[in-house]
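**Student:** Next comes the structure file data_1.cif, holding mmCIF, C-alpha atoms.
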data_structure
loop_
_atom_site.label_atom_id
_atom_site.label_comp_id
_atom_site.auth_asym_id
_atom_site.auth_seq_id
_atom_site.Cartn_x
_atom_site.Cartn_y
_atom_site.Cartn_z
CA MET U 1420 37.00 12.85 -18.71
CA GLN U 1421 34.41 12.11 -21.35
CA ILE U 1422 32.00 9.31 -20.57
CA SER U 1423 29.17 8.16 -22.81
CA LEU U 1424 25.82 7.36 -21.31
CA VAL U 1425 26.20 3.76 -22.55
CA GLN U 1426 29.46 3.37 -20.62
CA HIS U 1427 27.85 4.92 -17.58
CA ILE U 1428 24.81 2.63 -17.70
CA ARG U 1429 27.08 -0.42 -18.01
CA LYS U 1430 28.73 0.48 -14.70
CA PHE U 1431 25.41 -0.31 -13.03
CA VAL U 1432 23.35 -2.70 -15.18
CA ASP U 1433 23.69 -4.88 -18.27
CA LEU U 1434 23.09 -3.28 -21.63
CA SER U 1435 23.76 -5.47 -24.67
CA ASP U 1436 25.13 -4.10 -27.94
CA SER U 1437 21.78 -4.77 -29.60
CA GLU U 1438 20.02 -2.66 -26.95
CA VAL U 1439 22.17 0.40 -27.58
CA PRO U 1440 20.21 1.54 -30.68
CA VAL U 1441 16.98 1.06 -28.71
CA LEU U 1442 18.34 3.35 -26.01
CA ASN U 1443 19.58 5.91 -28.53
CA GLN U 1444 16.23 6.30 -30.21
CA TYR U 1445 14.83 7.83 -27.02
CA LEU U 1446 17.69 10.22 -26.36
CA LYS U 1447 18.46 13.63 -27.77
CA SER U 1448 22.09 14.71 -28.14
CA HIS U 1449 23.07 18.34 -27.75
CA LYS U 1450 26.35 20.11 -28.37
CA LEU U 1451 26.24 23.18 -26.21
CA LYS U 1452 28.27 26.32 -26.47
CA LYS U 1453 29.54 27.90 -23.29
CA LYS U 1454 26.67 29.79 -21.57
CA ALA U 1455 23.93 27.93 -23.51
CA LEU U 1456 20.78 27.57 -21.38
CA LEU U 1457 18.91 24.26 -21.04
CA LEU U 1458 16.35 25.53 -18.57
CA GLU U 1459 15.09 28.99 -17.59
CA GLU U 1460 13.03 30.23 -14.67
CA GLY U 1461 9.31 30.02 -15.41
CA LYS U 1462 9.69 27.15 -17.89
CA ILE U 1463 8.78 23.55 -17.10
CA CYS U 1464 11.82 21.30 -16.75
CA ARG U 1465 10.79 18.57 -19.18
CA ASP U 1466 14.07 16.66 -19.33
CA LEU U 1467 16.69 14.82 -17.36
CA TYR U 1468 20.17 15.85 -18.57
CA PHE U 1469 23.26 13.66 -18.63
CA VAL U 1470 26.68 15.28 -19.15
CA GLU U 1471 28.94 13.22 -21.43
CA ARG U 1472 31.58 15.92 -21.55
CA GLY U 1473 31.61 19.39 -20.06
CA CYS U 1474 30.02 21.07 -17.11
CA LEU U 1475 26.57 22.43 -16.25
CA ARG U 1476 25.46 24.55 -13.35
CA MET U 1477 22.01 24.89 -11.82
CA PHE U 1478 21.13 28.20 -10.20
CA PHE U 1479 18.29 30.52 -9.31
CA ILE U 1480 18.17 34.28 -9.03
CA ASN U 1481 17.59 35.36 -5.46
CA LYS U 1482 15.70 38.37 -4.19
CA LYS U 1483 18.80 40.51 -4.37
CA SER U 1484 18.97 39.63 -8.10
CA VAL U 1485 22.11 37.58 -7.47
CA GLU U 1486 22.66 34.17 -9.06
CA GLN U 1487 22.77 31.45 -6.41
CA ILE U 1488 24.26 28.15 -7.59
CA THR U 1489 22.86 25.01 -5.97
CA GLN U 1490 24.44 22.25 -8.09
CA PHE U 1491 27.02 21.46 -10.71
CA ALA U 1492 27.15 18.48 -13.08
CA LEU U 1493 30.44 17.35 -14.60
CA ASP U 1494 31.04 14.44 -17.01
CA GLY U 1495 29.06 11.42 -15.86
CA TRP U 1496 26.41 13.26 -13.82
CA TRP U 1497 22.67 13.64 -14.29
CA ILE U 1498 20.99 16.93 -13.44
CA SER U 1499 17.41 18.19 -13.46
CA ASP U 1500 14.87 20.17 -11.51
CA TYR U 1501 13.15 17.02 -10.26
CA PHE U 1502 10.20 18.84 -8.76
CA SER U 1503 9.35 20.63 -11.99
CA PHE U 1504 10.08 17.46 -13.98
CA MET U 1505 7.74 15.31 -11.86
CA ASP U 1506 4.87 17.74 -11.41
CA ASN U 1507 5.05 19.79 -14.64
CA THR U 1508 5.29 22.97 -12.61
CA PRO U 1509 7.27 26.03 -13.74
CA SER U 1510 10.84 25.86 -12.52
CA ASP U 1511 12.56 28.46 -10.35
CA TYR U 1512 15.91 27.36 -11.76
CA TYR U 1513 18.24 27.90 -14.67
CA ILE U 1514 20.50 25.12 -16.01
CA GLN U 1515 23.40 26.43 -18.05
CA ALA U 1516 26.60 25.12 -19.68
CA ILE U 1517 29.64 26.76 -18.12
CA GLU U 1518 31.97 25.31 -20.75
CA LYS U 1519 31.49 23.76 -24.20
CA SER U 1520 29.51 20.61 -23.35
CA GLU U 1521 28.10 17.48 -24.92
CA ILE U 1522 24.99 16.21 -23.23
CA VAL U 1523 22.07 13.89 -23.78
CA SER U 1524 18.54 14.53 -22.62
CA ILE U 1525 15.38 12.50 -22.22
CA ASP U 1526 11.89 13.78 -21.48
CA LYS U 1527 9.38 12.12 -19.15
CA HIS U 1528 7.30 10.55 -21.87
CA GLN U 1529 10.34 9.14 -23.68
CA LEU U 1530 11.76 7.94 -20.37
CA ASP U 1531 8.57 5.99 -19.68
CA GLU U 1532 8.72 4.40 -23.12
CA LEU U 1533 12.41 3.60 -22.76
CA LEU U 1534 11.83 1.98 -19.37
CA ALA U 1535 9.03 -0.12 -20.82
CA GLU U 1536 11.40 -1.38 -23.53
CA LEU U 1537 14.52 -1.79 -21.40
CA PRO U 1538 13.21 -2.44 -17.89
CA GLN U 1539 16.70 -3.02 -16.45
CA LEU U 1540 17.12 0.76 -16.71
CA GLU U 1541 14.62 1.20 -13.86
CA ARG U 1542 17.41 -0.16 -11.68
CA TYR U 1543 19.96 2.14 -13.30
CA PHE U 1544 17.86 5.23 -12.65
CA ARG U 1545 17.01 4.08 -9.12
CA LEU U 1546 20.71 3.77 -8.32
CA ILE U 1547 21.48 7.14 -9.92
CA MET U 1548 18.74 8.83 -7.91
CA GLN U 1549 20.03 7.14 -4.76
CA LYS U 1550 23.56 8.37 -5.46
CA THR U 1551 22.36 11.92 -6.10
CA LEU U 1552 20.35 11.78 -2.90
CA ALA U 1553 23.39 10.60 -0.93
CA ALA U 1554 25.43 13.49 -2.36
CA SER U 1555 22.69 15.92 -1.39
CA GLN U 1556 22.52 14.56 2.19
CA LEU U 1557 26.28 14.84 2.48
CA LYS U 1558 26.27 18.43 1.28
CA THR U 1559 23.53 19.30 3.80
CA LYS U 1560 25.66 17.87 6.57
CA TYR U 1561 28.82 19.70 5.47
CA LEU U 1562 26.94 22.97 5.17
CA ASN U 1563 25.55 22.55 8.66
CA GLU U 1564 28.68 21.32 10.30
CA MET U 1565 31.68 23.02 8.76
CA SER U 1566 32.78 26.63 8.82
CA LYS U 1567 32.92 28.22 5.39
CA GLU U 1568 36.70 27.93 5.42
CA GLU U 1569 36.58 24.22 6.31
CA PHE U 1570 33.96 23.61 3.63
CA TYR U 1571 36.12 25.32 1.03
CA LEU U 1572 39.24 23.34 2.05
CA HIS U 1573 37.32 20.07 2.05
CA PHE U 1574 35.77 20.86 -1.30
CA SER U 1575 39.01 21.87 -2.98
CA SER U 1576 40.91 18.81 -1.76
CA SER U 1577 38.05 16.46 -2.72
CA PHE U 1578 37.50 17.92 -6.20
CA PRO U 1579 40.79 19.38 -7.50
CA GLU U 1580 39.80 18.95 -11.17
CA PHE U 1581 36.58 20.77 -10.50
CA MET U 1582 38.42 23.70 -8.90
CA GLN U 1583 40.51 24.01 -12.06
CA ARG U 1584 37.57 24.00 -14.44
CA VAL U 1585 35.00 26.16 -12.70
CA PRO U 1586 35.37 29.95 -12.39
CA GLN U 1587 36.12 31.12 -8.89
CA TYR U 1588 33.02 33.30 -8.55
CA MET U 1589 30.81 30.27 -9.29
CA ILE U 1590 32.53 28.19 -6.64
CA ALA U 1591 31.97 31.08 -4.24
CA SER U 1592 28.26 31.15 -5.10
CA TYR U 1593 27.94 27.38 -4.60
CA LEU U 1594 29.76 27.44 -1.27
CA GLY U 1595 27.84 30.48 -0.02
CA LEU U 1596 30.95 32.69 0.13
CA THR U 1597 31.57 36.13 -1.28
CA PRO U 1598 34.10 36.08 -4.15
CA GLU U 1599 36.34 38.33 -2.04
CA TYR U 1600 36.35 35.95 0.89
CA LEU U 1601 37.06 32.98 -1.40
CA SER U 1602 39.94 34.87 -2.93
CA GLU U 1603 41.39 35.50 0.55
CA LEU U 1604 41.01 31.80 1.44
CA ARG U 1605 42.80 30.75 -1.74
CA LYS U 1606 45.74 33.07 -1.04
CA LYS U 1607 45.93 31.90 2.56
CA ASN U 1608 45.89 28.21 1.59
CA LEU U 1609 48.15 28.24 -1.48
CA MET W 812 -2.63 9.08 9.02
CA GLN W 813 -1.46 5.48 9.04
CA ILE W 814 -0.44 4.08 5.67
CA SER W 815 0.84 0.56 5.10
CA LEU W 816 3.76 0.00 2.78
CA VAL W 817 1.49 -2.10 0.55
CA GLN W 818 -0.95 0.81 0.16
CA HIS W 819 1.95 3.13 -0.55
CA ILE W 820 3.48 0.87 -3.20
CA ARG W 821 0.09 0.56 -4.92
CA LYS W 822 -0.02 4.34 -5.39
CA PHE W 823 2.93 3.95 -7.79
CA VAL W 824 3.03 0.43 -9.24
CA ASP W 825 0.91 -2.75 -9.39
CA LEU W 826 1.23 -5.22 -6.55
CA SER W 827 -1.15 -8.18 -6.66
CA ASP W 828 -2.59 -9.78 -3.55
CA SER W 829 -0.48 -12.88 -4.17
CA GLU W 830 2.68 -10.75 -4.24
CA VAL W 831 2.04 -9.22 -0.82
CA PRO W 832 3.37 -12.27 1.12
CA VAL W 833 6.47 -12.25 -1.13
CA LEU W 834 7.06 -8.62 -0.22
CA ASN W 835 6.45 -9.25 3.48
CA GLN W 836 9.02 -12.01 3.73
CA TYR W 837 11.78 -9.45 3.03
CA LEU W 838 10.58 -6.79 5.44
CA LYS W 839 11.06 -6.40 9.15
CA SER W 840 8.36 -4.68 11.20
CA HIS W 841 9.26 -2.66 14.26
CA LYS W 842 7.10 -1.07 16.91
CA LEU W 843 9.14 1.74 18.34
CA LYS W 844 8.75 3.53 21.59
CA LYS W 845 9.23 7.28 21.67
CA LYS W 846 12.99 8.05 21.58
CA ALA W 847 13.97 4.59 20.27
CA LEU W 848 17.06 4.80 18.05
CA LEU W 849 17.27 3.08 14.67
CA LEU W 850 20.71 4.41 13.78
CA GLU W 851 23.58 5.87 15.78
CA GLU W 852 26.68 7.80 14.77
CA GLY W 853 29.55 5.44 13.96
CA LYS W 854 27.27 2.56 12.93
CA ILE W 855 26.65 1.54 9.34
CA CYS W 856 23.15 2.40 8.15
CA ARG W 857 22.14 -1.03 6.84
CA ASP W 858 18.46 -0.34 6.22
CA LEU W 859 15.93 1.80 4.46
CA TYR W 860 13.11 2.71 6.84
CA PHE W 861 9.47 3.29 5.93
CA VAL W 862 7.15 4.96 8.43
CA GLU W 863 3.69 3.37 8.50
CA ARG W 864 2.60 5.40 11.50
CA GLY W 865 4.54 7.86 13.61
CA CYS W 866 7.45 10.18 13.09
CA LEU W 867 11.22 9.80 12.86
CA ARG W 868 13.92 12.43 12.85
CA MET W 869 17.44 12.27 11.42
CA PHE W 870 20.11 14.38 13.08
CA PHE W 871 23.80 14.64 13.76
CA ILE W 872 25.67 16.14 16.70
CA ASN W 873 27.60 19.19 15.62
CA LYS W 874 30.92 20.45 16.95
CA LYS W 875 29.18 22.45 19.64
CA SER W 876 27.63 19.14 20.82
CA VAL W 877 24.22 20.36 19.69
CA GLU W 878 21.78 18.11 17.83
CA GLN W 879 21.20 19.36 14.31
CA ILE W 880 18.12 17.90 12.59
CA THR W 881 18.35 17.50 8.82
CA GLN W 882 15.21 15.49 8.05
CA PHE W 883 11.93 14.22 9.40
CA ALA W 884 9.84 11.30 8.18
CA LEU W 885 6.11 11.11 8.89
CA ASP W 886 3.65 8.38 7.87
CA GLY W 887 4.30 7.38 4.27
CA TRP W 888 7.93 8.52 4.04
CA TRP W 889 11.15 6.58 3.57
CA ILE W 890 14.27 7.69 5.41
CA SER W 891 17.88 6.50 5.48
CA ASP W 892 21.48 7.68 5.43
CA TYR W 893 21.87 6.82 1.75
CA PHE W 894 25.61 7.37 1.67
CA SER W 895 26.25 4.97 4.53
CA PHE W 896 23.67 2.54 3.12
CA MET W 897 25.27 2.49 -0.34
CA ASP W 898 28.93 2.42 0.65
CA ASN W 899 28.81 0.57 3.99
CA THR W 900 30.58 3.46 5.67
CA PRO W 901 29.96 4.49 9.29
CA SER W 902 27.17 7.03 9.52
CA ASP W 903 27.46 10.50 11.03
CA TYR W 904 23.75 10.46 11.75
CA TYR W 905 21.19 9.30 14.27
CA ILE W 906 17.67 8.23 13.29
CA GLN W 907 15.21 8.32 16.17
CA ALA W 908 11.48 7.95 16.78
CA ILE W 909 10.05 11.17 18.17
CA GLU W 910 6.71 9.54 18.95
CA LYS W 911 5.48 5.95 19.24
CA SER W 912 5.96 4.65 15.70
CA GLU W 913 5.35 1.62 13.52
CA ILE W 914 7.89 1.18 10.78
CA VAL W 915 9.18 -1.41 8.36
CA SER W 916 12.81 -1.81 7.34
CA ILE W 917 14.70 -3.61 4.62
CA ASP W 918 18.45 -4.11 4.35
CA LYS W 919 20.47 -3.89 1.14
CA HIS W 920 20.80 -7.62 0.63
CA GLN W 921 17.09 -8.24 1.19
CA LEU W 922 16.25 -5.29 -1.05
CA ASP W 923 18.27 -6.84 -3.87
CA GLU W 924 16.51 -10.17 -3.42
CA LEU W 925 13.12 -8.50 -3.25
CA LEU W 926 13.79 -6.54 -6.44
CA ALA W 927 14.86 -9.73 -8.21
CA GLU W 928 11.53 -11.34 -7.24
CA LEU W 929 9.27 -8.32 -7.78
CA PRO W 930 11.05 -6.25 -10.43
CA GLN W 931 8.22 -3.72 -10.68
CA LEU W 932 9.47 -2.42 -7.33
CA GLU W 933 12.58 -1.03 -9.06
CA ARG W 934 10.19 1.53 -10.50
CA TYR W 935 8.59 2.16 -7.11
CA PHE W 936 11.94 2.82 -5.46
CA ARG W 937 13.11 4.94 -8.40
CA LEU W 938 10.04 7.15 -8.06
CA ILE W 939 10.45 7.36 -4.28
CA MET W 940 14.09 8.39 -4.61
CA GLN W 941 13.09 10.97 -7.23
CA LYS W 942 10.45 12.38 -4.92
CA THR W 943 12.87 12.59 -2.00
CA LEU W 944 15.40 14.28 -4.27
CA ALA W 945 12.81 16.82 -5.40
CA ALA W 946 11.98 17.60 -1.75
CA SER W 947 15.66 18.03 -0.99
CA GLN W 948 16.18 20.41 -3.94
CA LEU W 949 13.18 22.42 -2.83
CA LYS W 950 14.47 22.71 0.73
CA THR W 951 17.87 23.85 -0.57
CA LYS W 952 16.17 26.57 -2.54
CA TYR W 953 14.00 27.72 0.35
CA LEU W 954 16.98 27.79 2.69
CA ASN W 955 18.94 29.89 0.22
CA GLU W 956 16.16 32.21 -0.73
CA MET W 957 13.96 32.88 2.23
CA SER W 958 14.66 34.70 5.45
CA LYS W 959 14.33 32.50 8.52
CA GLU W 960 10.98 34.11 9.30
CA GLU W 961 9.67 33.49 5.78
CA PHE W 962 10.91 29.90 5.90
CA TYR W 963 9.11 29.34 9.19
CA LEU W 964 5.85 30.86 7.91
CA HIS W 965 6.02 28.86 4.69
CA PHE W 966 6.79 25.68 6.60
CA SER W 967 4.03 26.12 9.16
CA SER W 968 1.37 26.90 6.56
CA SER W 969 2.48 24.00 4.32
CA PHE W 970 2.67 21.40 7.08
CA PRO W 971 0.18 22.32 9.83
CA GLU W 972 -0.18 18.70 11.03
CA PHE W 973 3.57 18.44 11.33
CA MET W 974 3.74 21.61 13.44
CA GLN W 975 1.21 20.05 15.83
CA ARG W 976 3.08 16.78 16.21
CA VAL W 977 6.71 17.81 16.43
CA PRO W 978 8.17 19.57 19.50
CA GLN W 979 9.01 23.19 18.91
CA TYR W 980 12.72 22.85 19.70
CA MET W 981 13.04 20.19 16.97
CA ILE W 982 11.36 22.40 14.40
CA ALA W 983 13.79 25.15 15.43
CA SER W 984 16.74 22.80 14.91
CA TYR W 985 15.47 21.74 11.47
CA LEU W 986 14.85 25.32 10.35
CA GLY W 987 18.17 26.54 11.70
CA LEU W 988 16.56 28.84 14.28
CA THR W 989 17.21 29.17 17.99
CA PRO W 990 14.24 27.92 20.06
CA GLU W 991 13.94 31.45 21.50
CA TYR W 992 13.65 33.02 18.06
CA LEU W 993 11.09 30.42 16.96
CA SER W 994 9.06 31.14 20.07
CA GLU W 995 9.07 34.87 19.24
CA LEU W 996 7.98 34.13 15.66
CA ARG W 997 5.11 31.96 16.87
CA LYS W 998 3.84 34.67 19.22
CA LYS W 999 4.14 37.31 16.52
CA ASN W 1000 2.24 35.21 13.96
CA LEU W 1001 -0.50 33.72 16.13
#
For the structure just supplied, provide its representation as structure tokens.
**Tutor:**
Amino acid sequence: MQISLVQHIRKFVDLSDSEVPVLNQYLKSHKLKKKALLLEEGKICRDLYFVERGCLRMFFINKKSVEQITQFALDGWWISDYFSFMDNTPSDYYIQAIEKSEIVSIDKHQLDELLAELPQLERYFRLIMQKTLAASQLKTKYLNEMSKEEFYLHFSSSFPEFMQRVPQYMIASYLGLTPEYLSELRKKNL
Amino acid sequence: MQISLVQHIRKFVDLSDSEVPVLNQYLKSHKLKKKALLLEEGKICRDLYFVERGCLRMFFINKKSVEQITQFALDGWWISDYFSFMDNTPSDYYIQAIEKSEIVSIDKHQLDELLAELPQLERYFRLIMQKTLAASQLKTKYLNEMSKEEFYLHFSSSFPEFMQRVPQYMIASYLGLTPEYLSELRKKNL
């Protein structure tokens, strides 16, 4: 479901109509084709990305030369390599559109200027970071606690839309399963 | 190394001397004995905790009734179950002092009041959340990419002070190793 950044911000803090153009002057809009890359290994992650419509994945290439997905971002989610973004260090990650997507991005310098002009957005970004952190803590717990089958069942019942949109081999990579094992699980639980 | 919350805040944003008493009126200070619990499974995590001196661990009890550590917090770190804190849902976690510790806490209501009085702290908390998120992304990557031995070697060379202060069986739990395997690794790499 498409959601503009303005709508999203207004779920958390006030943003008047006259402030919208101020916000927009700091943002870049991108229409991405499927498979377009926003970030590549070895590059510095200079932006935070917000998905208005579509889906991104974040992955790295492990020592066996296999793509390992660590995060997805659907409509209404922010994604970034926060370590690279904060410290200007080369990223180990790729961020890629897995379907045609519309996103907005903001770099660190523009973010600082935006926050100086619209200080209520400090609160917005604090709450977003807190939410992302909560999601990350929850995933850590699930990964530690559940069997792979339980994790898959929990995941597919919690995010049915996601299961429809994302290719099966990517879900397998995210959940730490082989595609073959995921395929067996799906058949078993149809 | 002891660090007061005031010192920590001043690393990120301005806080004048006259604002310090304003800050302090929203905080609670706690002197914890070793093994004191700040949070227990089934309780709502109502506070964010900042360690001024000491060390906390966050863990849950898995289905085999074994404690599984997901995070530590040394001097200068915030820790909380952010999901429980945000949504007022019962926590699955415990937060416990693993040595004599001095901490400060703030609950959600007090945090909101504090941020209304000292709005520059929105920025402080945003940056703290971002930092914690970056650390969590990095751990995810290490866990996915490294062998257990590599993870241990990386961890012990990156955080030598930590290795001195935290009991070996807790480090094993955090790294996902059996205490026996960790003991072998230590002997091998002395």
**Student:** Translate the PyMOL selection byres ((chain U) within 9 of (chain W)), as applied to the file shown, into an explicit residue set as a ChimeraX atom specification.
**Tutor:** /U:1479-1482,1487,1489,1500-1503,1505,1511,1538-1539,1541-1557,1559-1560,1563-1565,1595
**Student:** To one decimal place, how far is CA of Val1523 in chain U from CA of Leu1475 in chain U in Å?
**Tutor:** 12.2 Å
**Student:** Which residues fall under the PyMOL selection byres ((chain W and resi 912) around 7) in this file, as a PDB file with C-alpha atoms, keeping the file's coordinate frame?
**Tutor:**
ATOM      1  CA  LYS W 842       7.100  -1.070  16.910  1.00  0.00           C
ATOM      2  CA  LEU W 843       9.140   1.740  18.340  1.00  0.00           C
ATOM      3  CA  LYS W 844       8.750   3.530  21.590  1.00  0.00           C
ATOM      4  CA  ARG W 864       2.600   5.400  11.500  1.00  0.00           C
ATOM      5  CA  GLY W 865       4.540   7.860  13.610  1.00  0.00           C
ATOM      6  CA  CYS W 866       7.450  10.180  13.090  1.00  0.00           C
ATOM      7  CA  ALA W 908      11.480   7.950  16.780  1.00  0.00           C
ATOM      8  CA  GLU W 910       6.710   9.540  18.950  1.00  0.00           C
ATOM      9  CA  LYS W 911       5.480   5.950  19.240  1.00  0.00           C
ATOM     10  CA  GLU W 913       5.350   1.620  13.520  1.00  0.00           C
ATOM     11  CA  ILE W 914       7.890   1.180  10.780  1.00  0.00           C
TER      12      ILE W 914
END
**Student:** Within 12 Å of (5.9, 28.3, 6.4) in the file's own coordinates, which protein, DNA or RNA residues have an atom, counting only C-alpha atoms? List them as number ranges by chain.
**Tutor:** W: 950, 953-954, 957-971, 973-974, 982, 986, 993, 996-997, 1000
**Student:** Quick one, how far is CA of Leu929 in chain W from CA of Phe1469 in chain U?
**Tutor:** 28.2 Å
**Student:** How far is it from CA of Trp888 in chain W to CA of Val862 in chain W, in Å with one decimal?
**Tutor:**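 Taking CA of Trp888 in chain W as the start and CA of Val862 in chain W as the end point, the length is 5.7 Å.
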**Student:** How would you write, as a list in words, the residues chosen by the PyMOL selection byres ((chain U and resi 1515) around 8) on this structure?
**Tutor:** Lys1454, Ala1455, Leu1456, Leu1457, Leu1458, Leu1475, Arg1476, Met1477, Tyr1513, Ile1514, Ala1516 and Ile1517 of chain U
**Student:** Quick one: everything within 9 Å of Tyr1588 in chain U, counting all atoms listed in the file, minus sequence neighbours fewer than 6 positions away in the same chain. Send it as a list in words.
**Tutor:** Leu1596, Thr1597, Pro1598, Glu1599 and Leu1601 of chain U
**Student:** Specify the axis-aligned box that encloses all atoms of range 947-954 of chain W listed in the file after padding of 5 Å on each side, stating its centre and edge lengths in Å to one decimal as AutoDock Vina command-line options.
**Tutor:**
--center_x 15.5 --center_y 22.9 --center_z -0.6 --size_x 14.7 --size_y 19.8 --size_z 16.6
